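Structure file start.cif (mmCIF, C-alpha atoms) is printed below.
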data_coords
loop_
_atom_site.label_atom_id
_atom_site.label_comp_id
_atom_site.auth_asym_id
_atom_site.auth_seq_id
_atom_site.Cartn_x
_atom_site.Cartn_y
_atom_site.Cartn_z
CA MET C 4 286.45 -47.15 7.18
CA PRO C 5 290.22 -47.24 7.83
CA SER C 6 290.77 -44.04 5.85
CA ARG C 7 288.07 -42.20 7.77
CA LEU C 8 289.61 -43.09 11.11
CA SER C 9 293.04 -42.19 9.78
CA ASP C 10 291.71 -38.79 8.72
CA ALA C 11 291.04 -38.00 12.37
CA PHE C 12 294.77 -37.71 13.08
CA ARG C 13 295.95 -35.87 9.98
CA ALA C 14 295.27 -32.48 11.50
CA HIS C 15 297.26 -33.47 14.61
CA PRO C 16 300.48 -35.24 13.56
CA VAL C 17 302.73 -36.58 16.30
CA HIS C 18 306.34 -35.40 16.01
CA LEU C 19 308.41 -36.74 18.89
CA HIS C 20 311.71 -35.23 19.96
CA HIS C 21 313.17 -38.65 20.80
CA LYS C 22 313.58 -41.55 18.44
CA HIS C 23 312.45 -44.98 19.51
CA LEU C 24 315.32 -46.84 21.15
CA ASP C 25 316.20 -50.50 20.80
CA PHE C 26 315.27 -51.78 24.27
CA THR C 27 317.39 -54.92 23.89
CA SER C 28 320.56 -52.81 23.84
CA LEU C 29 319.85 -50.92 27.08
CA GLN C 30 321.42 -51.87 30.41
CA GLU C 31 320.15 -48.85 32.32
CA LEU C 32 317.24 -46.46 32.07
CA PRO C 33 318.03 -43.54 29.73
CA GLU C 34 317.23 -40.05 30.93
CA SER C 35 314.62 -39.69 28.17
CA TYR C 36 312.63 -42.52 29.81
CA ARG C 37 313.18 -41.46 33.43
CA TRP C 38 309.91 -40.16 34.90
CA THR C 39 310.37 -37.76 37.79
CA THR C 40 308.07 -36.15 40.35
CA ASP C 41 307.32 -33.17 38.10
CA GLN C 42 305.59 -35.40 35.53
CA PRO C 43 301.81 -35.06 35.11
CA ASP C 44 301.58 -38.74 36.02
CA ASP C 45 304.01 -38.56 38.95
CA ASP C 46 301.65 -40.58 41.13
CA HIS C 47 302.14 -43.65 38.98
CA HIS C 48 303.80 -45.70 41.71
CA HIS C 49 303.04 -43.94 44.98
CA HIS C 50 300.69 -41.29 46.43
CA TYR C 51 297.69 -43.66 46.57
CA PRO C 52 296.78 -46.16 49.28
CA SER C 53 297.09 -49.86 48.56
CA THR C 54 293.79 -51.61 48.08
CA HIS C 55 292.54 -55.17 48.34
CA GLU C 56 289.58 -54.53 46.06
CA SER C 57 289.33 -56.75 43.00
CA VAL C 58 288.04 -55.91 39.55
CA PRO C 59 284.88 -58.00 38.93
CA VAL C 60 285.23 -61.24 36.99
CA ILE C 61 282.00 -62.17 35.17
CA ASP C 62 281.11 -65.54 33.70
CA LEU C 63 279.10 -64.75 30.56
CA LEU C 64 277.21 -68.04 31.03
CA ASP C 65 276.08 -66.99 34.50
CA PRO C 66 272.30 -66.34 34.61
CA ASN C 67 273.10 -63.17 36.57
CA ALA C 68 275.61 -61.90 33.99
CA LEU C 69 273.44 -58.91 33.00
CA GLN C 70 273.06 -57.65 36.57
CA ASN C 71 276.76 -58.26 37.22
CA ILE C 72 277.70 -56.25 34.13
CA ASN C 73 275.48 -53.37 35.23
CA HIS C 74 277.14 -53.29 38.66
CA ALA C 75 280.65 -53.58 37.19
CA CYS C 76 280.09 -50.82 34.63
CA LYS C 77 278.57 -48.40 37.14
CA SER C 78 280.98 -49.08 39.98
CA TRP C 79 284.20 -49.82 38.12
CA GLY C 80 283.97 -49.06 34.40
CA ILE C 81 285.96 -52.25 33.89
CA PHE C 82 285.54 -55.99 34.38
CA GLN C 83 286.92 -59.31 33.18
CA VAL C 84 284.91 -61.97 31.35
CA THR C 85 285.25 -65.73 31.15
CA ASN C 86 283.35 -68.19 28.95
CA HIS C 87 283.41 -65.53 26.23
CA GLY C 88 283.64 -67.97 23.33
CA ILE C 89 287.02 -66.89 21.90
CA PRO C 90 289.09 -70.07 21.36
CA THR C 91 292.19 -70.31 23.53
CA SER C 92 294.09 -71.51 20.48
CA LEU C 93 293.31 -68.27 18.61
CA ILE C 94 294.42 -66.13 21.55
CA GLU C 95 297.66 -68.10 21.70
CA LYS C 96 298.18 -67.59 17.97
CA VAL C 97 297.70 -63.82 18.13
CA GLU C 98 300.07 -63.68 21.10
CA MET C 99 302.61 -65.67 19.09
CA ALA C 100 302.21 -63.27 16.14
CA SER C 101 302.71 -60.29 18.45
CA LYS C 102 305.85 -61.81 19.96
CA SER C 103 307.18 -62.49 16.47
CA LEU C 104 306.60 -58.87 15.52
CA PHE C 105 308.24 -57.28 18.54
CA SER C 106 311.19 -59.68 18.46
CA LEU C 107 312.15 -58.52 14.97
CA PRO C 108 315.34 -56.45 14.65
CA HIS C 109 314.77 -52.80 15.44
CA GLU C 110 315.69 -51.73 11.90
CA THR C 111 313.16 -54.17 10.45
CA LYS C 112 310.32 -52.89 12.62
CA LEU C 113 311.05 -49.35 11.49
CA LYS C 114 310.20 -50.39 7.92
CA ALA C 115 306.57 -50.48 9.09
CA ALA C 116 306.78 -47.27 11.12
CA ARG C 117 303.62 -45.24 11.53
CA SER C 118 303.71 -41.85 9.82
CA PRO C 119 303.35 -38.79 12.10
CA ASP C 120 299.82 -38.16 10.83
CA GLY C 121 298.88 -41.82 10.47
CA ILE C 122 297.15 -44.38 12.64
CA SER C 123 298.46 -47.77 11.46
CA GLY C 124 301.92 -49.20 11.89
CA TYR C 125 304.77 -49.53 14.37
CA GLY C 126 305.72 -46.77 16.78
CA LEU C 127 305.49 -45.02 20.09
CA ALA C 128 302.16 -44.33 21.75
CA ARG C 129 300.52 -41.24 20.27
CA ILE C 130 300.02 -39.88 23.79
CA SER C 131 303.81 -39.58 24.09
CA SER C 132 303.58 -36.11 22.56
CA PHE C 133 301.84 -34.85 25.72
CA PHE C 134 304.74 -35.80 27.99
CA SER C 135 308.35 -34.70 28.24
CA LYS C 136 309.48 -38.27 28.97
CA LEU C 137 308.99 -41.39 26.89
CA MET C 138 307.19 -44.58 27.87
CA TRP C 139 308.86 -47.96 28.26
CA SER C 140 306.87 -49.72 25.56
CA GLU C 141 306.41 -50.14 21.84
CA GLY C 142 303.24 -50.69 19.90
CA PHE C 143 301.76 -51.69 16.58
CA THR C 144 298.34 -50.41 15.47
CA ILE C 145 296.25 -52.22 12.86
CA VAL C 146 293.21 -50.60 11.24
CA GLY C 147 291.74 -52.80 8.54
CA SER C 148 294.07 -55.33 6.93
CA PRO C 149 297.67 -55.68 8.19
CA LEU C 150 298.76 -56.88 4.74
CA GLU C 151 300.80 -53.86 3.62
CA HIS C 152 302.79 -53.55 6.83
CA PHE C 153 303.27 -57.30 7.29
CA GLN C 154 304.66 -57.60 3.77
CA GLN C 155 307.37 -55.17 4.85
CA LEU C 156 308.11 -57.08 8.05
CA TRP C 157 307.90 -60.66 6.71
CA PRO C 158 308.34 -60.62 2.90
CA GLN C 159 308.32 -64.45 2.77
CA ASP C 160 305.89 -65.36 5.55
CA TYR C 161 303.28 -62.64 5.90
CA ILE C 162 300.19 -64.55 4.72
CA LYS C 163 299.98 -66.86 7.77
CA LEU C 164 300.38 -63.98 10.21
CA CYS C 165 297.85 -61.83 8.33
CA ASP C 166 295.35 -64.69 8.50
CA ILE C 167 295.81 -64.94 12.28
CA ILE C 168 295.26 -61.22 12.81
CA GLU C 169 292.23 -61.09 10.52
CA GLU C 170 290.64 -64.12 12.21
CA TYR C 171 291.21 -62.51 15.61
CA GLN C 172 289.67 -59.23 14.43
CA LYS C 173 286.63 -61.12 13.12
CA GLU C 174 286.07 -63.00 16.39
CA MET C 175 286.68 -59.90 18.49
CA LYS C 176 284.12 -57.95 16.49
CA LYS C 177 281.50 -60.62 17.19
CA LEU C 178 282.33 -60.61 20.91
CA ALA C 179 282.36 -56.81 21.05
CA GLY C 180 278.89 -56.66 19.49
CA ARG C 181 277.63 -59.21 22.00
CA LEU C 182 279.14 -57.32 24.92
CA MET C 183 277.86 -54.02 23.61
CA TRP C 184 274.27 -55.30 23.66
CA LEU C 185 274.74 -56.75 27.14
CA MET C 186 276.09 -53.46 28.44
CA LEU C 187 273.26 -51.52 26.82
CA ALA C 188 270.64 -54.04 27.94
CA SER C 189 271.89 -53.62 31.49
CA LEU C 190 270.77 -49.98 31.13
CA GLY C 191 267.34 -51.00 29.82
CA ILE C 192 268.27 -50.23 26.21
CA THR C 193 266.83 -52.43 23.45
CA LYS C 194 267.92 -52.92 19.84
CA GLU C 195 265.06 -50.69 18.72
CA ASP C 196 266.63 -47.81 20.68
CA ILE C 197 269.85 -47.87 18.64
CA LYS C 198 269.06 -46.27 15.31
CA TRP C 199 272.42 -47.13 13.78
CA ALA C 200 271.93 -50.88 14.25
CA ASN C 201 270.55 -52.74 11.24
CA PRO C 202 267.02 -54.24 11.33
CA LYS C 203 268.34 -57.43 12.97
CA GLY C 204 270.11 -55.41 15.64
CA ASP C 205 273.53 -56.25 14.25
CA LEU C 206 276.43 -53.80 14.46
CA LYS C 207 278.32 -55.04 11.40
CA ASP C 208 279.36 -51.60 10.17
CA ASN C 209 281.08 -50.64 13.40
CA CYS C 210 284.67 -49.46 13.15
CA ASP C 211 287.51 -51.07 15.01
CA ALA C 212 291.26 -51.18 15.49
CA LEU C 213 293.73 -53.63 16.98
CA GLN C 214 296.55 -52.42 19.19
CA LEU C 215 299.51 -54.70 19.97
CA ASN C 216 301.59 -53.55 22.95
CA TYR C 217 304.96 -54.75 24.23
CA TYR C 218 306.47 -53.77 27.58
CA PRO C 219 310.04 -55.10 27.92
CA ALA C 220 311.54 -55.89 31.30
CA CYS C 221 312.93 -52.60 32.63
CA PRO C 222 316.23 -52.06 34.51
CA ASP C 223 314.62 -49.40 36.74
CA PRO C 224 310.83 -49.98 36.76
CA ASP C 225 310.08 -47.67 39.69
CA ARG C 226 311.25 -44.69 37.62
CA ALA C 227 309.72 -45.73 34.30
CA MET C 228 306.20 -45.73 32.84
CA GLY C 229 304.86 -48.37 30.48
CA LEU C 230 301.82 -46.45 29.25
CA ALA C 231 300.61 -43.28 30.97
CA ALA C 232 297.13 -43.09 32.46
CA HIS C 233 294.39 -42.57 29.87
CA THR C 234 290.85 -43.38 28.91
CA ASP C 235 289.94 -45.04 25.61
CA SER C 236 288.13 -43.14 22.85
CA THR C 237 285.93 -46.16 22.13
CA LEU C 238 282.57 -47.66 22.95
CA LEU C 239 284.42 -50.48 24.65
CA THR C 240 287.84 -52.10 24.59
CA ILE C 241 288.62 -55.82 24.88
CA LEU C 242 292.10 -56.56 26.20
CA HIS C 243 294.09 -59.76 26.31
CA GLN C 244 297.13 -59.62 28.56
CA ASN C 245 299.69 -62.38 28.95
CA ASN C 246 300.50 -63.82 32.37
CA THR C 247 302.30 -60.72 33.65
CA ASN C 248 300.84 -58.02 35.87
CA GLY C 249 301.04 -54.44 34.66
CA LEU C 250 297.52 -53.18 33.93
CA GLN C 251 296.09 -50.87 36.58
CA MET C 252 292.87 -48.87 36.78
CA MET C 253 291.89 -45.89 38.90
CA LYS C 254 289.06 -46.54 41.37
CA ASP C 255 287.53 -43.57 43.15
CA GLY C 256 288.35 -43.74 46.84
CA SER C 257 290.81 -46.59 46.38
CA GLY C 258 293.51 -45.37 44.02
CA TRP C 259 295.26 -47.63 41.54
CA VAL C 260 293.94 -51.18 41.44
CA THR C 261 295.86 -53.92 39.63
CA VAL C 262 293.90 -55.89 37.04
CA PRO C 263 295.64 -59.28 37.21
CA PRO C 264 295.57 -61.69 34.30
CA VAL C 265 292.81 -64.28 34.72
CA SER C 266 293.21 -67.66 33.08
CA GLY C 267 290.97 -67.71 30.02
CA GLY C 268 289.75 -64.19 30.78
CA LEU C 269 289.57 -60.96 28.80
CA VAL C 270 289.47 -57.43 30.23
CA ILE C 271 286.56 -55.22 29.14
CA ASN C 272 286.54 -51.51 29.79
CA VAL C 273 284.06 -48.73 29.14
CA GLY C 274 285.27 -46.16 26.62
CA ASP C 275 284.47 -42.46 26.26
CA LEU C 276 281.72 -43.01 23.67
CA LEU C 277 279.81 -45.48 25.85
CA HIS C 278 280.18 -42.98 28.67
CA ILE C 279 278.45 -40.44 26.39
CA LEU C 280 275.76 -42.93 25.29
CA SER C 281 275.00 -43.78 28.92
CA ASN C 282 274.81 -40.06 29.77
CA GLY C 283 277.57 -40.53 32.29
CA LEU C 284 276.10 -43.56 34.07
CA TYR C 285 278.95 -45.79 32.95
CA PRO C 286 282.31 -44.13 33.64
CA SER C 287 285.07 -44.22 31.08
CA VAL C 288 287.79 -45.87 33.14
CA LEU C 289 291.23 -44.35 33.65
CA HIS C 290 293.93 -46.99 33.25
CA ARG C 291 297.66 -47.32 32.72
CA ALA C 292 300.43 -49.90 32.34
CA VAL C 293 303.41 -50.19 34.66
CA VAL C 294 306.53 -52.25 34.01
CA ASN C 295 308.67 -54.65 36.03
CA ARG C 296 312.30 -55.64 36.27
CA ASN C 297 312.25 -59.32 35.34
CA GLN C 298 309.42 -60.05 32.90
CA ASP C 299 308.32 -58.81 29.52
CA ARG C 300 304.62 -58.08 29.20
CA LEU C 301 302.43 -58.29 26.10
CA SER C 302 298.87 -57.09 25.58
CA VAL C 303 296.47 -57.06 22.65
CA ALA C 304 293.72 -54.43 22.74
CA TYR C 305 290.69 -54.58 20.46
CA LEU C 306 289.21 -51.07 20.16
CA TYR C 307 285.54 -51.05 19.21
CA GLY C 308 283.65 -48.00 18.02
CA PRO C 309 280.50 -47.11 16.10
CA PRO C 310 280.28 -46.55 12.33
CA SER C 311 282.51 -43.54 11.68
CA SER C 312 279.70 -41.23 10.49
CA VAL C 313 277.13 -42.08 13.19
CA GLN C 314 276.27 -39.33 15.63
CA ILE C 315 276.80 -40.48 19.23
CA SER C 316 274.82 -38.72 21.97
CA PRO C 317 273.09 -39.69 25.24
CA LEU C 318 270.34 -42.22 24.56
CA SER C 319 266.84 -40.78 24.78
CA LYS C 320 265.74 -43.36 27.37
CA LEU C 321 268.43 -42.12 29.72
CA VAL C 322 267.56 -38.42 29.61
CA GLY C 323 264.56 -36.47 30.80
CA PRO C 324 263.47 -33.37 32.76
CA SER C 325 265.37 -34.51 35.86
CA GLN C 326 268.38 -35.75 33.93
CA PRO C 327 269.16 -33.64 30.86
CA PRO C 328 271.75 -34.79 28.29
CA LEU C 329 275.26 -34.13 29.51
CA TYR C 330 276.99 -34.31 26.13
CA ARG C 331 276.41 -33.02 22.63
CA SER C 332 276.29 -35.26 19.59
CA ILE C 333 279.59 -36.28 17.98
CA THR C 334 280.92 -38.93 15.57
CA TRP C 335 283.80 -41.24 16.47
CA THR C 336 285.99 -39.63 13.81
CA GLU C 337 285.25 -36.19 15.26
CA TYR C 338 285.87 -37.44 18.76
CA LEU C 339 289.22 -38.96 17.83
CA ARG C 340 290.18 -35.60 16.37
CA THR C 341 289.00 -33.88 19.55
CA LYS C 342 290.97 -36.31 21.74
CA ALA C 343 294.10 -35.84 19.64
CA LYS C 344 293.82 -32.09 20.12
CA TYR C 345 292.49 -31.68 23.65
CA PHE C 346 293.98 -34.76 25.28
CA ASN C 347 292.57 -35.07 28.81
CA LYS C 348 289.76 -32.57 28.31
CA ALA C 349 288.09 -34.21 25.31
CA LEU C 350 284.96 -35.27 27.21
CA LEU C 351 284.73 -31.85 28.82
CA SER C 352 284.93 -30.21 25.40
CA VAL C 353 281.78 -32.03 24.23
CA LYS C 354 279.87 -31.54 27.45
CA VAL C 355 276.68 -29.50 27.16
CA CYS C 356 277.07 -26.01 28.62
CA ALA C 357 280.54 -26.88 29.83
CA PRO C 358 282.78 -23.96 30.85
CA PHE C 359 285.32 -24.97 28.23
CA ASN C 360 287.39 -22.36 26.42
CA GLY C 361 289.96 -24.51 24.64
CA PHE C 362 292.75 -23.78 27.10
CA LEU C 363 293.74 -27.02 28.75
CA ASP C 364 295.65 -28.14 31.78
CA VAL C 365 297.26 -31.41 30.67
CA SER C 366 298.19 -32.37 34.22
CA ASP C 367 295.14 -34.63 34.33
CA HIS C 368 295.29 -38.18 32.98
CA ASN C 369 292.89 -38.75 30.09
CA SER C 370 294.47 -39.34 26.74
CA VAL C 371 293.95 -40.31 23.17
CA THR C 372 293.30 -43.89 22.25
CA VAL C 373 295.03 -46.25 19.84
CA GLY C 374 298.47 -45.75 21.37
#
For this file, write the structure as C-alpha cells.
Amino acid sequence: MPSRLSDAFRAHPVHLHHKHLDFTSLQELPESYRWTTDQPDDDHHHHYPSTHESVPVIDLLDPNALQNINHACKSWGIFQVTNHGIPTSLIEKVEMASKSLFSLPHETKLKAARSPDGISGYGLARISSFFSKLMWSEGFTIVGSPLEHFQQLWPQDYIKLCDIIEEYQKEMKKLAGRLMWLMLASLGITKEDIKWANPKGDLKDNCDALQLNYYPACPDPDRAMGLAAHTDSTLLTILHQNNTNGLQMMKDGSGWVTVPPVSGGLVINVGDLLHILSNGLYPSVLHRAVVNRNQDRLSVAYLYGPPSSVQISPLSKLVGPSQPPLYRSITWTEYLRTKAKYFNKALLSVKVCAPFNGFLDVSDHNSVTVG
C-alpha cells in the first residue's frame, strides 16, 4: 500500500527553489515567506466579511448524530466530533511525539527529508511548488510504518515513538471507518452498496497517511501563510489541533470561518473522493491554516482513502435520469497523480463532459493533499 501511494508522486517530483529555513533563527519574516497581494491566495487575511457562524460540533453519542452529520456535510463539508472514543491520553502522546520531532535541530530533521518524488518524511508542503512564496510551516508525512525515518531521527529512542504513532494510526483507522459509514448512511447508503467493503462491511484494506504539521509563532503573521487554501484528496480527514486557533474553512456566502479547537474534539472534513462518491452532494471543503505572532500551533491530520486500486465513482443510489453521474471513475492513486499535476482543477479534470483541456489557471485554491 505505501509504495502504491508513493508511486502517485513519482511522475511529479517537487523541486523547490528555496531551502527550508530554521524558523528558530529568524527574527523577521524573510522575503521568500512574505505573501503579497499578487499571490493566488491574497485574500488569506482580508477581502471577506467577518462571520459569527460556527462549524457544527456533533456528539457521536447523540441519537440525532446521523441527521446532524448529514446537515453538516451538505451545508459545511466539515464538522467537529466529541465522544469519538479516541483516548485523550493517546492524543496527548501523539502531540508529544510531534513536538519532539519538530523541536529537533534543523540538521537532524533533514536526515529524514522527503525525496522530491516521495511522499514520506520531513519537508515543506508539496503544494509549495504552486506558489512563488513559501509557507510558514513544516511537516512530516507518514505512510505505513515510521520506523525507517524515526531511526534516523532518534537512533537510541525510536521504538517508543514508533509505537505511539502506530497505535494512533490504528485507532484513527477504526474511527475513520466508523465515520465513513455514518457519512454514507446519512445519504441512505448501506454496506451492501459499497462493493469494495468486505462481507462484514469492514474497510480494513483502506489506505491512509498521517500528516504532522507545525506552525511556529511568526514575527509578521499578517503577511505570512501557514498552509495555503486547499481541499484534501481523501474520502475524509480527521484532524487534531492543539489549543491554538489557525484552521479556517471557506463557507459560501460567509467567507473564511475559523474552526476553533474544541476540548476533546476532532475536526472531520469531506475530501475530494467522498465528494465524488456523493455525486457532489457533500462538498469537498476548502481550508487553510493561518499563523499568529505569539503561539506555536501543532496539528495532526489523519488522511483516509479507499484501497489504492478501487475505482471510485458516484454511487448508483445517488444517480438517475434526473441526476446523472458528475464524475468518471478513478482510483485514489490515479487521483493523487491528477491532483499533483492539475492542482486546483483536479476535480474538474475528472468531471463527466467537463470542458477541460489541461490548461489550468492556478489562481484558484484547491491543492494536493498530504502536505
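Put simply, the PyMOL selection byres ((chain C and resi 265) around 10) on this file hits Val60, Gln83, Val84, Thr85, His243, Gln244, Asn245, Asn246, Val262, Pro263, Pro264, Ser266, Gly267, Gly268, Leu269 and Val270 of chain C.
In this structure, CA of Val294 in chain C sits 18.7 Å away from CA of Thr234 in chain C.
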Subject >> Picked residues, the PyMOL selection byres ((chain C and resi 71-81) around 7), as an MDAnalysis selection string >> reply: chainID C and resid 59 61 67:70 82 186 189 254 271:273 284:288
**OP:** For the structure provided, state which residues fall under the PyMOL selection byres ((chain C and resi 181) around 12), and present them as a list in words.
**Re:** Leu63, Leu69, His87, Gly88, Glu174, Met175, Lys176, Lys177, Leu178, Ala179, Gly180, Leu182, Met183, Trp184, Leu185, Met186, Leu187, Ala188, Lys194, Gly204, Asp205, Leu206, Lys207, Leu239, Ile241 and Tyr307 of chain C
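The spacing separating CA of Ser131 in chain C from CA of Ile168 in chain C amounts to 25.9 Å.
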Please, which residues are within 6 Å of (306.6, -49.0, 29.8) by the file's coordinates, counting all atoms listed in the file, and could they come as a PDB file with C-alpha atoms, in the frame of the given file?
ATOM      1  CA  MET C 138     307.190 -44.580  27.870  1.00  0.00           C
ATOM      2  CA  TRP C 139     308.860 -47.960  28.260  1.00  0.00           C
ATOM      3  CA  SER C 140     306.870 -49.720  25.560  1.00  0.00           C
ATOM      4  CA  TYR C 218     306.470 -53.770  27.580  1.00  0.00           C
ATOM      5  CA  MET C 228     306.200 -45.730  32.840  1.00  0.00           C
ATOM      6  CA  GLY C 229     304.860 -48.370  30.480  1.00  0.00           C
ATOM      7  CA  LEU C 230     301.820 -46.450  29.250  1.00  0.00           C
ATOM      8  CA  VAL C 293     303.410 -50.190  34.660  1.00  0.00           C
ATOM      9  CA  VAL C 294     306.530 -52.250  34.010  1.00  0.00           C
TER      10      VAL C 294
END
**OP:** Have a look at CA of Ile167 in chain C and CA of Ala100 in chain C and let me know their distance in Å, one decimal.
**Re:** 7.7 Å
If the box runs along x, y and z of the file and leaves 5 Å on each side of range 167-173 of chain C, what are its centre and edge lengths in Å, one decimal, as lines of an AutoDock Vina configuration file?
center_x = 291.2
center_y = -62.1
center_z = 13.1
size_x = 19.2
size_y = 15.7
size_z = 15.1
Hey, could you patch up range 297-305 of chain C with all heavy atoms and hand it over as a short mmCIF file (atom, residue, chain, number, x, y, z; two decimals), in the frame of the given file?
data_model
loop_
_atom_site.label_atom_id
_atom_site.label_comp_id
_atom_site.auth_asym_id
_atom_site.auth_seq_id
_atom_site.Cartn_x
_atom_site.Cartn_y
_atom_site.Cartn_z
N ASN C 297 311.83 -57.99 35.77
CA ASN C 297 312.25 -59.32 35.34
C ASN C 297 311.45 -59.92 34.19
O ASN C 297 311.91 -60.88 33.57
CB ASN C 297 312.17 -60.28 36.54
CG ASN C 297 313.07 -59.84 37.68
OD1 ASN C 297 314.22 -59.49 37.46
ND2 ASN C 297 312.54 -59.84 38.90
N GLN C 298 310.27 -59.41 33.90
CA GLN C 298 309.42 -60.05 32.90
C GLN C 298 308.96 -59.07 31.84
O GLN C 298 308.60 -57.94 32.14
CB GLN C 298 308.19 -60.67 33.58
CG GLN C 298 308.48 -61.88 34.44
CD GLN C 298 307.21 -62.44 35.03
OE1 GLN C 298 306.54 -61.79 35.83
NE2 GLN C 298 306.85 -63.66 34.64
N ASP C 299 308.97 -59.55 30.60
CA ASP C 299 308.32 -58.81 29.52
C ASP C 299 306.81 -58.97 29.67
O ASP C 299 306.32 -59.95 30.21
CB ASP C 299 308.75 -59.36 28.16
CG ASP C 299 310.23 -59.20 27.90
OD1 ASP C 299 310.88 -58.42 28.61
OD2 ASP C 299 310.73 -59.86 26.97
N ARG C 300 306.08 -57.99 29.17
CA ARG C 300 304.62 -58.08 29.20
C ARG C 300 304.09 -57.76 27.81
O ARG C 300 304.61 -56.86 27.13
CB ARG C 300 304.03 -57.12 30.23
CG ARG C 300 302.49 -57.13 30.27
CD ARG C 300 301.93 -56.31 31.43
NE ARG C 300 300.48 -56.27 31.35
CZ ARG C 300 299.79 -55.31 30.72
NH1 ARG C 300 300.44 -54.30 30.15
NH2 ARG C 300 298.49 -55.34 30.68
N LEU C 301 303.06 -58.48 27.41
CA LEU C 301 302.43 -58.29 26.10
C LEU C 301 300.94 -58.13 26.30
O LEU C 301 300.33 -58.79 27.14
CB LEU C 301 302.71 -59.51 25.22
CG LEU C 301 302.26 -59.44 23.77
CD1 LEU C 301 303.25 -58.62 22.96
CD2 LEU C 301 302.17 -60.86 23.19
N SER C 302 300.33 -57.22 25.56
CA SER C 302 298.87 -57.09 25.58
C SER C 302 298.37 -56.84 24.17
O SER C 302 299.08 -56.31 23.33
CB SER C 302 298.41 -55.99 26.53
OG SER C 302 298.74 -54.70 26.02
N VAL C 303 297.12 -57.25 23.94
CA VAL C 303 296.47 -57.06 22.65
C VAL C 303 295.12 -56.41 22.92
O VAL C 303 294.25 -57.03 23.55
CB VAL C 303 296.28 -58.39 21.90
CG1 VAL C 303 295.62 -58.14 20.54
CG2 VAL C 303 297.61 -59.12 21.73
N ALA C 304 294.95 -55.18 22.48
CA ALA C 304 293.72 -54.43 22.74
C ALA C 304 292.90 -54.33 21.46
O ALA C 304 293.40 -53.89 20.42
CB ALA C 304 294.05 -53.03 23.26
N TYR C 305 291.63 -54.74 21.56
CA TYR C 305 290.69 -54.58 20.46
C TYR C 305 289.82 -53.37 20.78
O TYR C 305 289.12 -53.34 21.80
CB TYR C 305 289.83 -55.83 20.29
CG TYR C 305 288.78 -55.69 19.20
CD1 TYR C 305 289.12 -55.81 17.86
CD2 TYR C 305 287.46 -55.43 19.53
CE1 TYR C 305 288.17 -55.67 16.86
CE2 TYR C 305 286.49 -55.30 18.54
CZ TYR C 305 286.85 -55.41 17.21
OH TYR C 305 285.89 -55.26 16.23
#
